[in-house]
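Engineer: Please find model.txt (compact mmCIF, C-alpha atoms (C1' of nucleotides)) on the next line:
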# COMPACT_ATOMS: atom_id res chain seq x y z
CA MET A 1 0.00 0.00 0.00
CA GLY A 2 2.66 2.62 0.90
CA HIS A 3 2.03 6.21 0.10
CA SER A 4 2.09 5.92 -3.65
CA ALA A 5 1.35 8.69 -6.10
CA ASP A 6 -2.40 8.79 -5.84
CA GLY A 7 -4.54 8.43 -2.80
CA ASP A 8 -3.59 10.15 0.40
CA SER A 9 -3.96 13.76 -0.58
CA ALA A 10 -5.54 14.44 2.79
CA ALA A 11 -2.38 15.18 4.74
CA THR A 12 -0.39 16.45 1.77
CA ASP A 13 0.13 20.16 1.72
CA PHE A 14 2.65 22.51 0.25
CA LEU A 15 5.23 21.90 2.93
CA SER A 16 4.93 18.17 3.39
CA PHE A 17 4.98 17.60 -0.34
CA ALA A 18 8.76 17.85 -0.21
CA ASP A 19 9.07 14.49 1.54
CA ILE A 20 6.94 12.71 -0.99
CA ALA A 21 8.68 14.35 -3.90
CA VAL A 22 12.12 13.26 -2.73
CA ASP A 23 11.04 9.66 -2.15
CA THR A 24 9.24 9.38 -5.46
CA THR A 25 12.05 10.93 -7.42
CA ALA A 26 14.76 8.85 -5.82
CA GLU A 27 12.79 5.78 -6.74
CA ARG A 28 12.13 6.74 -10.32
CA LEU A 29 15.43 8.39 -11.20
CA PRO A 30 18.28 6.38 -9.72
CA GLY A 31 21.50 8.30 -9.43
CA ILE A 32 20.13 11.64 -8.36
CA ASP A 33 21.50 13.39 -5.31
CA ARG A 34 18.78 12.88 -2.75
CA SER A 35 19.99 15.21 0.01
CA ALA A 36 20.78 18.03 -2.35
CA MET A 37 17.31 17.78 -3.79
CA GLN A 38 15.78 17.77 -0.35
CA MET A 39 17.78 20.78 0.71
CA VAL A 40 16.69 22.95 -2.20
CA LEU A 41 13.10 21.82 -2.02
CA LEU A 42 12.85 22.54 1.68
CA LEU A 43 14.70 25.83 1.54
CA HIS A 44 12.50 27.09 -1.22
CA ARG A 45 9.25 25.98 0.33
CA VAL A 46 9.98 27.11 3.86
CA ALA A 47 11.29 30.47 2.71
CA SER A 48 8.32 30.99 0.41
CA SER A 49 5.88 30.18 3.17
CA ILE A 50 7.51 32.59 5.57
CA VAL A 51 7.73 35.39 3.04
CA TYR A 52 4.13 34.91 1.99
CA ASP A 53 3.00 34.99 5.59
CA LEU A 54 5.01 38.08 6.49
CA GLU A 55 4.01 39.93 3.38
CA SER A 56 0.31 39.26 3.71
CA THR A 57 0.02 39.89 7.42
CA VAL A 58 2.54 42.67 7.98
CA HIS A 59 3.64 44.47 4.84
CA ARG A 60 0.61 44.57 2.57
CA PRO A 61 -1.59 45.88 5.37
CA ALA A 62 1.02 48.60 5.89
CA GLY A 63 0.79 49.45 2.21
CA TRP A 64 4.19 48.08 1.23
CA SER A 65 5.25 45.32 -1.06
CA TRP A 66 7.84 42.84 0.13
CA SER A 67 10.36 44.55 -2.14
CA ALA A 68 9.57 48.00 -0.85
CA PHE A 69 10.18 46.76 2.66
CA ARG A 70 13.48 45.23 1.64
CA LEU A 71 14.59 48.43 -0.02
CA LEU A 72 13.74 50.59 2.97
CA PHE A 73 15.28 48.11 5.35
CA THR A 74 18.48 48.01 3.34
CA LEU A 75 18.78 51.78 3.51
CA TRP A 76 17.98 51.76 7.18
CA VAL A 77 20.82 49.35 7.86
CA ALA A 78 23.41 50.50 5.38
CA GLY A 79 22.76 54.21 5.49
CA PRO A 80 22.78 56.46 2.42
CA ARG A 81 24.02 54.55 -0.58
CA GLU A 82 24.27 54.67 -4.32
CA SER A 83 21.30 53.19 -6.06
CA ARG A 84 23.54 50.54 -7.57
CA GLN A 85 24.67 49.32 -4.19
CA VAL A 86 21.18 49.33 -2.77
CA ALA A 87 20.07 47.09 -5.60
CA HIS A 88 22.91 44.73 -4.95
CA LEU A 89 22.43 44.58 -1.19
CA SER A 90 18.68 44.17 -1.34
CA GLY A 91 18.83 41.62 -4.13
CA MET A 92 16.92 43.31 -6.87
CA SER A 93 17.66 44.78 -10.27
CA ARG A 94 18.76 48.38 -10.75
CA ALA A 95 15.56 49.04 -12.65
CA ALA A 96 13.43 47.77 -9.80
CA VAL A 97 15.17 50.10 -7.38
CA SER A 98 14.76 52.99 -9.75
CA SER A 99 11.06 52.31 -10.09
CA LEU A 100 10.45 51.78 -6.38
CA THR A 101 12.40 54.91 -5.59
CA LYS A 102 9.95 56.99 -7.56
CA THR A 103 7.01 55.67 -5.56
CA LEU A 104 8.67 55.80 -2.17
CA SER A 105 10.10 59.26 -2.57
CA ALA A 106 6.68 60.48 -3.64
CA SER A 107 5.39 59.12 -0.33
CA GLY A 108 8.11 61.00 1.45
CA LEU A 109 9.78 57.90 2.83
CA LEU A 110 13.09 58.27 1.09
CA ALA A 111 15.15 61.01 -0.48
CA ARG A 112 17.17 60.93 -3.62
CA ARG A 113 20.04 63.24 -4.41
CA SER A 114 22.78 63.00 -6.95
CA ASP A 115 26.36 62.47 -5.97
CA GLU A 116 28.60 65.52 -6.26
CA ARG A 117 31.66 63.60 -7.29
CA ASP A 118 29.98 61.35 -9.79
CA ARG A 119 26.99 63.00 -11.33
CA ARG A 120 25.76 59.75 -12.82
CA ALA A 121 25.15 58.28 -9.42
CA ALA A 122 22.01 58.77 -7.33
CA ILE A 123 22.31 58.53 -3.59
CA LEU A 124 19.32 57.23 -1.72
CA SER A 125 18.59 57.75 1.93
CA LEU A 126 15.68 57.40 4.32
CA THR A 127 13.81 60.46 5.47
CA ALA A 128 12.99 60.81 9.16
CA ARG A 129 9.46 59.67 8.40
CA GLY A 130 10.80 56.74 6.43
CA ALA A 131 13.04 55.63 9.28
CA ASP A 132 10.15 55.97 11.68
CA ALA A 133 7.77 53.98 9.54
CA LEU A 134 10.37 51.32 8.99
CA GLU A 135 11.08 50.86 12.66
CA THR A 136 7.40 50.51 13.48
CA THR A 137 6.81 48.02 10.73
CA PHE A 138 9.96 46.14 11.51
CA ARG A 139 8.82 45.49 15.05
CA ALA A 140 5.67 43.83 13.78
CA HIS A 141 7.76 41.98 11.24
CA ASN A 142 10.12 40.72 13.90
CA GLU A 143 7.31 39.59 16.18
CA ARG A 144 6.05 37.36 13.45
CA GLU A 145 9.54 36.09 12.70
CA ALA A 146 9.74 35.12 16.35
CA ARG A 147 6.57 33.04 16.03
CA TRP A 148 8.08 31.18 13.14
CA ALA A 149 11.34 30.66 15.02
CA SER A 150 9.46 29.30 18.01
CA LEU A 151 8.40 26.31 15.95
CA ILE A 152 11.81 24.79 16.62
CA SER A 153 13.95 24.68 19.75
CA GLU A 154 16.60 27.24 20.53
CA ASP A 155 19.36 24.75 19.86
CA GLU A 156 17.90 23.82 16.54
CA LEU A 157 17.55 27.45 15.63
CA ALA A 158 21.17 28.14 16.47
CA THR A 159 22.22 25.13 14.43
CA LEU A 160 20.10 26.20 11.50
CA ASN A 161 21.53 29.68 11.52
CA GLY A 162 25.03 28.28 11.79
CA VAL A 163 24.70 26.05 8.77
CA LEU A 164 22.95 28.70 6.71
CA THR A 165 25.68 31.17 7.53
CA LYS A 166 28.30 28.71 6.45
CA LEU A 167 26.45 28.03 3.22
CA ALA A 168 26.11 31.73 2.52
CA ARG A 169 29.79 32.36 3.19
CA ALA A 170 30.89 29.46 1.05
CA ALA A 171 28.73 30.66 -1.80
CA GLN A 172 30.33 34.06 -1.74
CA GLY A 173 33.51 33.05 -3.48
CA GLN A 174 32.13 30.64 -6.04
CA GLU A 175 32.68 31.66 -9.61
CA TRP A 176 30.17 29.26 -11.13
CA ILE A 177 27.15 30.76 -9.38
CA SER A 178 24.95 32.92 -11.57
CA ARG A 179 24.09 36.13 -9.78
CA ARG A 180 21.62 38.89 -10.32
CA ALA A 181 22.64 41.69 -12.70
CA MET B 1 35.88 51.71 15.38
CA GLY B 2 34.04 48.64 14.22
CA HIS B 3 32.43 48.21 10.88
CA SER B 4 29.93 51.02 11.00
CA ALA B 5 27.35 51.94 8.43
CA ASP B 6 29.55 53.48 5.78
CA GLY B 7 32.91 52.40 4.59
CA ASP B 8 33.64 48.74 4.04
CA SER B 9 31.38 48.01 1.14
CA ALA B 10 34.12 45.96 -0.46
CA ALA B 11 33.30 42.57 1.04
CA THR B 12 29.61 43.22 1.48
CA ASP B 13 27.43 41.32 -0.92
CA PHE B 14 23.88 40.11 -0.96
CA LEU B 15 24.58 37.08 1.18
CA SER B 16 26.97 38.54 3.73
CA PHE B 17 24.72 41.52 4.27
CA ALA B 18 22.62 39.39 6.60
CA ASP B 19 25.32 39.43 9.26
CA ILE B 20 25.69 43.16 9.22
CA ALA B 21 21.95 43.69 9.22
CA VAL B 22 21.43 41.57 12.30
CA ASP B 23 24.21 43.29 14.24
CA THR B 24 23.12 46.76 13.31
CA THR B 25 19.49 46.11 14.06
CA ALA B 26 20.14 44.46 17.39
CA GLU B 27 22.16 47.49 18.38
CA ARG B 28 19.63 50.04 17.29
CA LEU B 29 16.42 48.32 18.29
CA PRO B 30 16.87 46.66 21.66
CA GLY B 31 14.38 43.97 22.37
CA ILE B 32 14.12 42.42 18.97
CA ASP B 33 14.55 38.69 18.53
CA ARG B 34 17.98 38.39 17.03
CA SER B 35 18.03 34.72 16.08
CA ALA B 36 14.59 34.82 14.54
CA MET B 37 15.63 37.74 12.43
CA GLN B 38 18.77 36.00 11.36
CA MET B 39 16.87 32.87 10.43
CA VAL B 40 14.42 34.63 8.15
CA LEU B 41 17.05 36.82 6.58
CA LEU B 42 19.30 33.88 5.81
CA LEU B 43 16.55 31.61 4.62
CA HIS B 44 15.24 34.21 2.25
CA ARG B 45 18.61 35.19 0.87
CA VAL B 46 20.03 31.72 0.47
CA ALA B 47 16.84 30.43 -1.13
CA SER B 48 16.65 33.40 -3.47
CA SER B 49 20.22 32.95 -4.55
CA ILE B 50 19.74 29.28 -5.29
CA VAL B 51 16.51 29.82 -7.17
CA TYR B 52 18.01 32.62 -9.21
CA ASP B 53 21.00 30.48 -10.09
CA LEU B 54 18.94 27.44 -11.05
CA GLU B 55 16.46 29.43 -13.04
CA SER B 56 19.04 31.35 -15.03
CA THR B 57 21.37 28.46 -15.76
CA VAL B 58 18.96 25.53 -16.14
CA HIS B 59 15.36 26.53 -16.69
CA ARG B 60 15.45 29.71 -18.76
CA PRO B 61 17.84 28.15 -21.26
CA ALA B 62 15.40 25.24 -21.52
CA GLY B 63 12.62 27.70 -22.24
CA TRP B 64 10.84 27.33 -18.92
CA SER B 65 10.16 29.72 -16.11
CA TRP B 66 10.79 28.60 -12.57
CA SER B 67 7.04 28.28 -12.08
CA ALA B 68 6.56 26.22 -15.20
CA PHE B 69 9.18 23.83 -13.94
CA ARG B 70 7.49 23.59 -10.58
CA LEU B 71 4.14 22.89 -12.18
CA LEU B 72 5.49 20.13 -14.40
CA PHE B 73 7.50 18.66 -11.57
CA THR B 74 4.46 18.59 -9.32
CA LEU B 75 2.50 16.69 -11.92
CA TRP B 76 5.39 14.36 -12.52
CA VAL B 77 5.52 13.47 -8.83
CA ALA B 78 1.87 13.49 -7.90
CA GLY B 79 0.38 12.13 -11.11
CA PRO B 80 -2.82 13.44 -12.69
CA ARG B 81 -4.51 15.88 -10.37
CA GLU B 82 -7.20 18.49 -10.24
CA SER B 83 -5.99 21.96 -11.11
CA ARG B 84 -6.87 23.09 -7.60
CA GLN B 85 -4.61 20.51 -6.00
CA VAL B 86 -1.76 21.22 -8.37
CA ALA B 87 -1.89 24.86 -7.39
CA HIS B 88 -1.81 23.94 -3.74
CA LEU B 89 1.03 21.47 -4.03
CA SER B 90 3.18 23.64 -6.24
CA GLY B 91 2.54 26.74 -4.17
CA MET B 92 0.88 29.03 -6.65
CA SER B 93 -2.55 30.54 -7.15
CA ARG B 94 -5.27 28.83 -9.15
CA ALA B 95 -5.09 31.63 -11.68
CA ALA B 96 -1.38 31.11 -12.21
CA VAL B 97 -1.89 27.42 -12.85
CA SER B 98 -4.70 28.17 -15.23
CA SER B 99 -2.54 30.60 -17.13
CA LEU B 100 0.50 28.34 -17.28
CA THR B 101 -1.65 25.41 -18.33
CA LYS B 102 -2.65 27.24 -21.46
CA THR B 103 0.95 27.74 -22.50
CA LEU B 104 2.20 24.32 -21.55
CA SER B 105 -0.64 22.39 -23.15
CA ALA B 106 -0.09 24.38 -26.34
CA SER B 107 3.50 23.14 -26.26
CA GLY B 108 2.23 19.60 -25.88
CA LEU B 109 3.84 19.08 -22.49
CA LEU B 110 0.68 18.55 -20.49
CA ALA B 111 -2.89 17.48 -21.12
CA ARG B 112 -6.06 18.85 -19.66
CA ARG B 113 -9.33 16.98 -19.43
CA SER B 114 -12.41 17.60 -17.35
CA ASP B 115 -13.44 15.32 -14.55
CA GLU B 116 -16.41 13.10 -15.27
CA ARG B 117 -17.80 13.20 -11.77
CA ASP B 118 -17.36 16.91 -11.22
CA ARG B 119 -17.61 18.80 -14.44
CA ARG B 120 -16.29 21.96 -12.87
CA ALA B 121 -12.91 20.38 -12.24
CA ALA B 122 -10.08 20.15 -14.75
CA ILE B 123 -7.63 17.29 -14.44
CA LEU B 124 -4.07 17.97 -15.50
CA SER B 125 -1.51 15.37 -16.46
CA LEU B 126 1.84 15.21 -18.19
CA THR B 127 2.09 13.97 -21.73
CA ALA B 128 4.80 11.47 -22.61
CA ARG B 129 6.81 14.30 -24.11
CA GLY B 130 6.26 16.36 -21.00
CA ALA B 131 7.51 13.60 -18.73
CA ASP B 132 10.51 13.13 -20.96
CA ALA B 133 11.40 16.78 -21.03
CA LEU B 134 10.97 17.05 -17.30
CA GLU B 135 13.28 14.15 -16.55
CA THR B 136 15.99 15.55 -18.77
CA THR B 137 15.74 18.99 -17.27
CA PHE B 138 15.51 17.64 -13.79
CA ARG B 139 18.84 15.86 -14.13
CA ALA B 140 20.54 19.13 -14.99
CA HIS B 141 18.64 20.79 -12.18
CA ASN B 142 19.79 18.18 -9.70
CA GLU B 143 23.40 18.39 -10.78
CA ARG B 144 23.40 22.05 -9.94
CA GLU B 145 21.64 21.39 -6.64
CA ALA B 146 24.46 19.02 -5.84
CA ARG B 147 27.03 21.76 -6.44
CA TRP B 148 25.22 23.96 -3.97
CA ALA B 149 24.97 21.15 -1.45
CA SER B 150 28.68 20.48 -1.75
CA LEU B 151 29.39 23.87 -0.21
CA ILE B 152 28.76 22.32 3.19
CA SER B 153 29.75 18.97 4.65
CA GLU B 154 27.54 15.91 4.52
CA ASP B 155 26.87 16.11 8.22
CA GLU B 156 25.90 19.72 8.00
CA LEU B 157 23.64 18.97 5.08
CA ALA B 158 21.89 16.23 6.99
CA THR B 159 21.49 18.53 9.96
CA LEU B 160 20.12 21.31 7.80
CA ASN B 161 17.59 19.04 6.18
CA GLY B 162 16.58 17.68 9.55
CA VAL B 163 15.87 21.08 11.04
CA LEU B 164 14.10 22.33 7.94
CA THR B 165 11.92 19.24 7.92
CA LYS B 166 11.02 19.80 11.51
CA LEU B 167 10.19 23.42 10.85
CA ALA B 168 8.04 22.48 7.88
CA ARG B 169 6.17 19.83 9.87
CA ALA B 170 5.60 22.15 12.79
CA ALA B 171 4.25 24.82 10.50
CA GLN B 172 1.70 22.45 9.07
CA GLY B 173 -0.69 22.58 11.96
CA GLN B 174 -0.43 26.26 12.85
CA GLU B 175 -3.66 28.18 12.50
CA TRP B 176 -2.09 31.62 12.65
CA ILE B 177 -0.04 31.21 9.48
CA SER B 178 -1.38 32.99 6.43
CA ARG B 179 -1.33 30.68 3.43
CA ARG B 180 -1.74 31.18 -0.26
CA ALA B 181 -5.34 31.22 -1.53
C1' DA C 1 42.68 67.97 -25.07
C1' DG C 2 40.01 64.50 -27.36
C1' DC C 3 38.24 60.22 -27.97
C1' DA C 4 36.89 55.30 -26.81
C1' DG C 5 35.05 52.36 -23.74
C1' DG C 6 32.71 51.44 -19.59
C1' DC C 7 29.46 52.38 -15.99
C1' DG C 8 25.12 54.37 -13.56
C1' DG C 9 20.28 55.28 -13.85
C1' DT C 10 16.01 55.43 -16.46
C1' DC C 11 12.55 54.17 -19.87
C1' DA C 12 9.89 50.95 -22.71
C1' DA C 13 8.54 46.49 -23.64
C1' DT C 14 7.72 41.98 -21.88
C1' DG C 15 6.40 38.20 -18.95
C1' DG C 16 4.38 36.43 -15.12
C1' DT C 17 1.55 36.64 -10.75
C1' DT C 18 -2.12 38.32 -7.94
C1' DT C 19 -6.67 40.19 -7.21
C1' DT C 20 -11.34 40.65 -8.50
C1' DA C 21 -15.30 39.23 -10.85
C1' DC C 22 -17.97 35.94 -13.22
C1' DG C 23 -20.31 31.75 -15.39
C1' DA C 24 -20.84 26.92 -14.63
C1' DT C 25 -21.53 23.30 -11.54
C1' DC C 26 -22.24 20.71 -7.29
C1' DG C 27 -24.56 19.60 -2.88
C1' DG C 28 -27.58 20.19 0.88
C1' DG C 29 -31.87 21.99 3.14
C1' DG C 30 -36.47 23.39 2.84
C1' DC D 1 -37.84 19.30 -6.60
C1' DC D 2 -35.86 23.61 -6.42
C1' DC D 3 -33.14 27.16 -4.49
C1' DC D 4 -29.02 28.88 -2.05
C1' DG D 5 -24.49 29.00 -0.92
C1' DA D 6 -20.08 27.29 -1.89
C1' DT D 7 -16.52 25.70 -5.11
C1' DC D 8 -13.94 25.24 -9.59
C1' DG D 9 -11.65 27.23 -13.44
C1' DT D 10 -11.03 31.27 -16.23
C1' DA D 11 -10.95 35.97 -18.05
C1' DA D 12 -9.73 40.77 -17.34
C1' DA D 13 -7.19 44.21 -15.00
C1' DA D 14 -3.65 45.87 -12.00
C1' DC D 15 0.78 45.26 -10.21
C1' DC D 16 5.48 44.18 -9.97
C1' DA D 17 9.95 42.84 -11.50
C1' DT D 18 13.20 41.68 -15.36
C1' DT D 19 15.49 42.42 -19.64
C1' DG D 20 17.44 45.32 -23.15
C1' DA D 21 18.17 49.72 -25.21
C1' DC D 22 19.51 54.26 -24.39
C1' DC D 23 21.63 58.71 -22.72
C1' DG D 24 24.68 61.09 -19.94
C1' DC D 25 28.81 61.00 -17.41
C1' DC D 26 33.35 59.37 -15.98
C1' DT D 27 38.14 57.67 -16.86
C1' DG D 28 42.23 56.25 -19.07
C1' DC D 29 44.89 56.24 -23.18
C1' DT D 30 46.95 58.51 -26.93
Transcribe the structure of this file into structure tokens.
Structural biologist:
Amino acid sequence: MGHSADGDSAATDFLSFADIAVDTTAERLPGIDRSAMQMVLLLHRVASSIVYDLESTVHRPAGWSWSAFRLLFTLWVAGPRESRQVAHLSGMSRAAVSSLTKTLSASGLLARRSDERDRRAAILSLTARGADALETTFRAHNEREARWASLISEDELATLNGVLTKLARAAQGQEWISRRA
Amino acid sequence: MGHSADGDSAATDFLSFADIAVDTTAERLPGIDRSAMQMVLLLHRVASSIVYDLESTVHRPAGWSWSAFRLLFTLWVAGPRESRQVAHLSGMSRAAVSSLTKTLSASGLLARRSDERDRRAAILSLTARGADALETTFRAHNEREARWASLISEDELATLNGVLTKLARAAQGQEWISRRA
DNA sequence: AGCAGGCGGTCAATGGTTTTACGATCGGGG
DNA sequence: CCCCGATCGTAAAACCATTGACCGCCTGCT
């Protein structure tokens, strides 16, 4: 009987599907790397779930898209920066930053001035109102992050963060990785 | 002097920014949950990087979007399913599945028939060509997953998968989580 | 100084996803 | 038996992000 392809859809949801997918695939395609597959599947699905949850409960109600939040947060942490760098640090394209900047500066959340030394460059920074709004929203954001984190033990959380940090650091040097812009 | 806001942008990239962000935030906003913040930041950034890399080196060249791949893969694993279920299992909206279905069935990769019992429902399934194409693409996909996985040790990988699995399972029952559609 | 090549930001076009609304269908209660 | 509400898939519209082309500016070389 086993949990074959059809049948038990009752307990199968977006997150638990990863288990089934790995088992099925390993069976049907011998030679694939099972753990690697599991890692990517889980990372993607867990991250997506968290982002969806945060966006729909915290950021959309506040009138921001997930990207807008990331942009503002990046500025809040890194301080005034060239548009190019903000794009890089927040993980979006230069065009996306340019477009978001128009909206957010119209709302008075960020300011945009051109660099004196290099007149091509635009320097973005938060306004006082922007910093204020970000801090308020971030608190709500962090409270919800804490709920997610509480689903595992403190030790497990520390372990998770440790391994993810190592993975992120190791990825930094790799030439073969295709990166944004 | 420490690594304050401006200055050392040299070694700061998308992935390593997480460290700086956590430190800066913890300093400026006492009372936030540091580990929870780190977890979400890392999960999002690592997952994004992997997805971007896979999409741009494997799926786009094959003519598929990341979502198209996920849809086909879901069908390949789960077998013929109602459109509704496919959306749920692959983590997208019903509308997105409907839209993708049009494209993919035009390419002859998947078939769409209506359920006999419930004539509202549409049942999606892979064609032979679709299954073939998926298996070929998936091998390339998995090879690249393996490169990512090789950035950490086998033990660490097993640990990572263990914790992520636990997190995914724990999330399953939670009522407070906002889920897609 | 002048020019060639490269880089930063923006615009237009494109593709894909979500939201909203709707027609068709199912199922249960009066 | 017939509504009524709920569900399924889809179409239309809005939104958002990416790619590619472009213009202006910087820099190094001659």
Engineer: Could you work out which residues of chain C fall inside 9 Å of chain B? Count all atoms listed in the file, and format the result as a list of chain:residue names.
Structural biologist: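 So the residues of chain C near chain B are C:DG16, C:DT17, C:DT18, C:DA24, C:DT25, C:DC26.
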Engineer: To one decimal in Å, tell me the separation between atom CA of Glu135 of chain B and atom CA of Ser35 of chain A.
Structural biologist: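 Computed distance, atom CA of Glu135 of chain B to atom CA of Ser35 of chain A, equals 17.9 Å.
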Engineer: Return the neighbours of chain B among the residues of chain D, cut-off 9 Å, counting only C-alpha atoms (C1' of nucleotides), as a list in words.
Structural biologist: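 Residues satisfying the distance criterion: DT7, DC8, DG9 and DT10 of chain D.
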Engineer: Could you please tell me, as a ChimeraX atom specification, which residues of chain B have an atom within 6 Å of chain A when using all atoms listed in the file?
Structural biologist: /B:5,13-15,21,36,39,43-44,47,53,77-78,89,145-146,149,151,161,168,170,178
Engineer: Quote the spacing between atom C1' of DC29 of chain D and atom C1' of DG5 of chain C in Å to one decimal place.
Structural biologist: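 Between atom C1' of DC29 of chain D and atom C1' of DG5 of chain C the gap is 10.6 Å.
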Engineer: Quick check, in Å to one decimal: how far apart do atom C1' of DT20 of chain C and atom CA of Thr103 of chain B lie?
Structural biologist: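 Interatomic distance here is 22.7 Å.
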Engineer: Quick one: residues within 7 Å of Ala111 of chain B, all atoms listed in the file, excluding same-chain residues fewer than 4 positions away - as a compact mmCIF listing (two decimals) with C-alpha atoms, keeping the file's coordinate frame?
Structural biologist:
# COMPACT_ATOMS: atom_id res chain seq x y z
CA SER B 105 -0.64 22.39 -23.15
CA LEU B 124 -4.07 17.97 -15.50
CA SER B 125 -1.51 15.37 -16.46
CA LEU B 126 1.84 15.21 -18.19
CA THR B 127 2.09 13.97 -21.73
Engineer: What box, with edges along x, y and z, holds each listed atom of segment 123-126 of chain A when 5 Å is added on every side, and can you state its centre and edge lengths in Å to one decimal, as lines of an AutoDock Vina configuration file?
Structural biologist:
center_x = 19.0
center_y = 57.9
center_z = 0.4
size_x = 16.6
size_y = 11.3
size_z = 17.9
Engineer: Could you pull the residues within 12 Å of Ala133 of chain B, counting all atoms listed in the file, minus those fewer than 3 positions along the same chain, as a list in words?
Structural biologist: His59, Ala62, Gly63, Trp64, Phe69, Leu72, Phe73, Trp76, Leu104, Ser107, Gly108, Leu109, Leu110, Leu126, Thr127, Ala128, Arg129, Gly130, Thr136, Thr137, Phe138, Arg139 and Ala140 of chain B
Engineer: Measuring atom to atom with all atoms listed in the file, identify which of C:DA1, C:DA12, C:DG6, C:DT19 is nearest to DG20 of chain D.
Structural biologist: C:DA12
Engineer: Could you add the missing atoms to segment 109-114 of chain B, up to all heavy atoms, and return them as a PDB file, keeping the file's coordinate frame?
Structural biologist:
ATOM      1  N   LEU B 109       3.157  19.676 -23.634  1.00  0.00           N
ATOM      2  CA  LEU B 109       3.840  19.080 -22.490  1.00  0.00           C
ATOM      3  C   LEU B 109       2.860  18.540 -21.455  1.00  0.00           C
ATOM      4  O   LEU B 109       3.192  17.645 -20.693  1.00  0.00           O
ATOM      5  CB  LEU B 109       4.755  20.118 -21.825  1.00  0.00           C
ATOM      6  CG  LEU B 109       5.887  20.613 -22.727  1.00  0.00           C
ATOM      7  CD1 LEU B 109       6.631  21.755 -22.085  1.00  0.00           C
ATOM      8  CD2 LEU B 109       6.845  19.466 -23.049  1.00  0.00           C
ATOM      9  N   LEU B 110       1.664  19.095 -21.425  1.00  0.00           N
ATOM     10  CA  LEU B 110       0.680  18.550 -20.490  1.00  0.00           C
ATOM     11  C   LEU B 110      -0.703  18.527 -21.128  1.00  0.00           C
ATOM     12  O   LEU B 110      -0.986  19.265 -22.076  1.00  0.00           O
ATOM     13  CB  LEU B 110       0.691  19.313 -19.171  1.00  0.00           C
ATOM     14  CG  LEU B 110       0.236  20.760 -19.060  1.00  0.00           C
ATOM     15  CD1 LEU B 110      -1.286  20.876 -19.053  1.00  0.00           C
ATOM     16  CD2 LEU B 110       0.761  21.346 -17.755  1.00  0.00           C
ATOM     17  N   ALA B 111      -1.532  17.652 -20.598  1.00  0.00           N
ATOM     18  CA  ALA B 111      -2.890  17.480 -21.120  1.00  0.00           C
ATOM     19  C   ALA B 111      -3.895  17.906 -20.067  1.00  0.00           C
ATOM     20  O   ALA B 111      -3.629  17.835 -18.872  1.00  0.00           O
ATOM     21  CB  ALA B 111      -3.125  16.036 -21.522  1.00  0.00           C
ATOM     22  N   ARG B 112      -5.037  18.312 -20.544  1.00  0.00           N
ATOM     23  CA  ARG B 112      -6.060  18.850 -19.660  1.00  0.00           C
ATOM     24  C   ARG B 112      -7.397  18.235 -20.059  1.00  0.00           C
ATOM     25  O   ARG B 112      -7.854  18.395 -21.179  1.00  0.00           O
ATOM     26  CB  ARG B 112      -6.098  20.362 -19.875  1.00  0.00           C
ATOM     27  CG  ARG B 112      -6.971  21.116 -18.939  1.00  0.00           C
ATOM     28  CD  ARG B 112      -7.044  22.570 -19.383  1.00  0.00           C
ATOM     29  NE  ARG B 112      -8.191  23.208 -18.751  1.00  0.00           N
ATOM     30  CZ  ARG B 112      -9.449  22.909 -19.044  1.00  0.00           C
ATOM     31  NH1 ARG B 112      -9.713  22.017 -19.957  1.00  0.00           N
ATOM     32  NH2 ARG B 112     -10.439  23.524 -18.420  1.00  0.00           N
ATOM     33  N   ARG B 113      -7.998  17.504 -19.140  1.00  0.00           N
ATOM     34  CA  ARG B 113      -9.330  16.980 -19.430  1.00  0.00           C
ATOM     35  C   ARG B 113     -10.240  17.283 -18.256  1.00  0.00           C
ATOM     36  O   ARG B 113      -9.767  17.505 -17.141  1.00  0.00           O
ATOM     37  CB  ARG B 113      -9.270  15.473 -19.695  1.00  0.00           C
ATOM     38  CG  ARG B 113      -8.812  14.669 -18.507  1.00  0.00           C
ATOM     39  CD  ARG B 113      -8.669  13.188 -18.837  1.00  0.00           C
ATOM     40  NE  ARG B 113      -8.043  12.475 -17.728  1.00  0.00           N
ATOM     41  CZ  ARG B 113      -8.692  12.110 -16.613  1.00  0.00           C
ATOM     42  NH1 ARG B 113      -9.976  12.387 -16.474  1.00  0.00           N
ATOM     43  NH2 ARG B 113      -8.050  11.480 -15.639  1.00  0.00           N
ATOM     44  N   SER B 114     -11.529  17.282 -18.471  1.00  0.00           N
ATOM     45  CA  SER B 114     -12.410  17.600 -17.350  1.00  0.00           C
ATOM     46  C   SER B 114     -12.864  16.321 -16.660  1.00  0.00           C
ATOM     47  O   SER B 114     -13.048  15.266 -17.275  1.00  0.00           O
ATOM     48  CB  SER B 114     -13.606  18.434 -17.820  1.00  0.00           C
ATOM     49  OG  SER B 114     -14.178  17.878 -18.969  1.00  0.00           O
TER      50      SER B 114
END
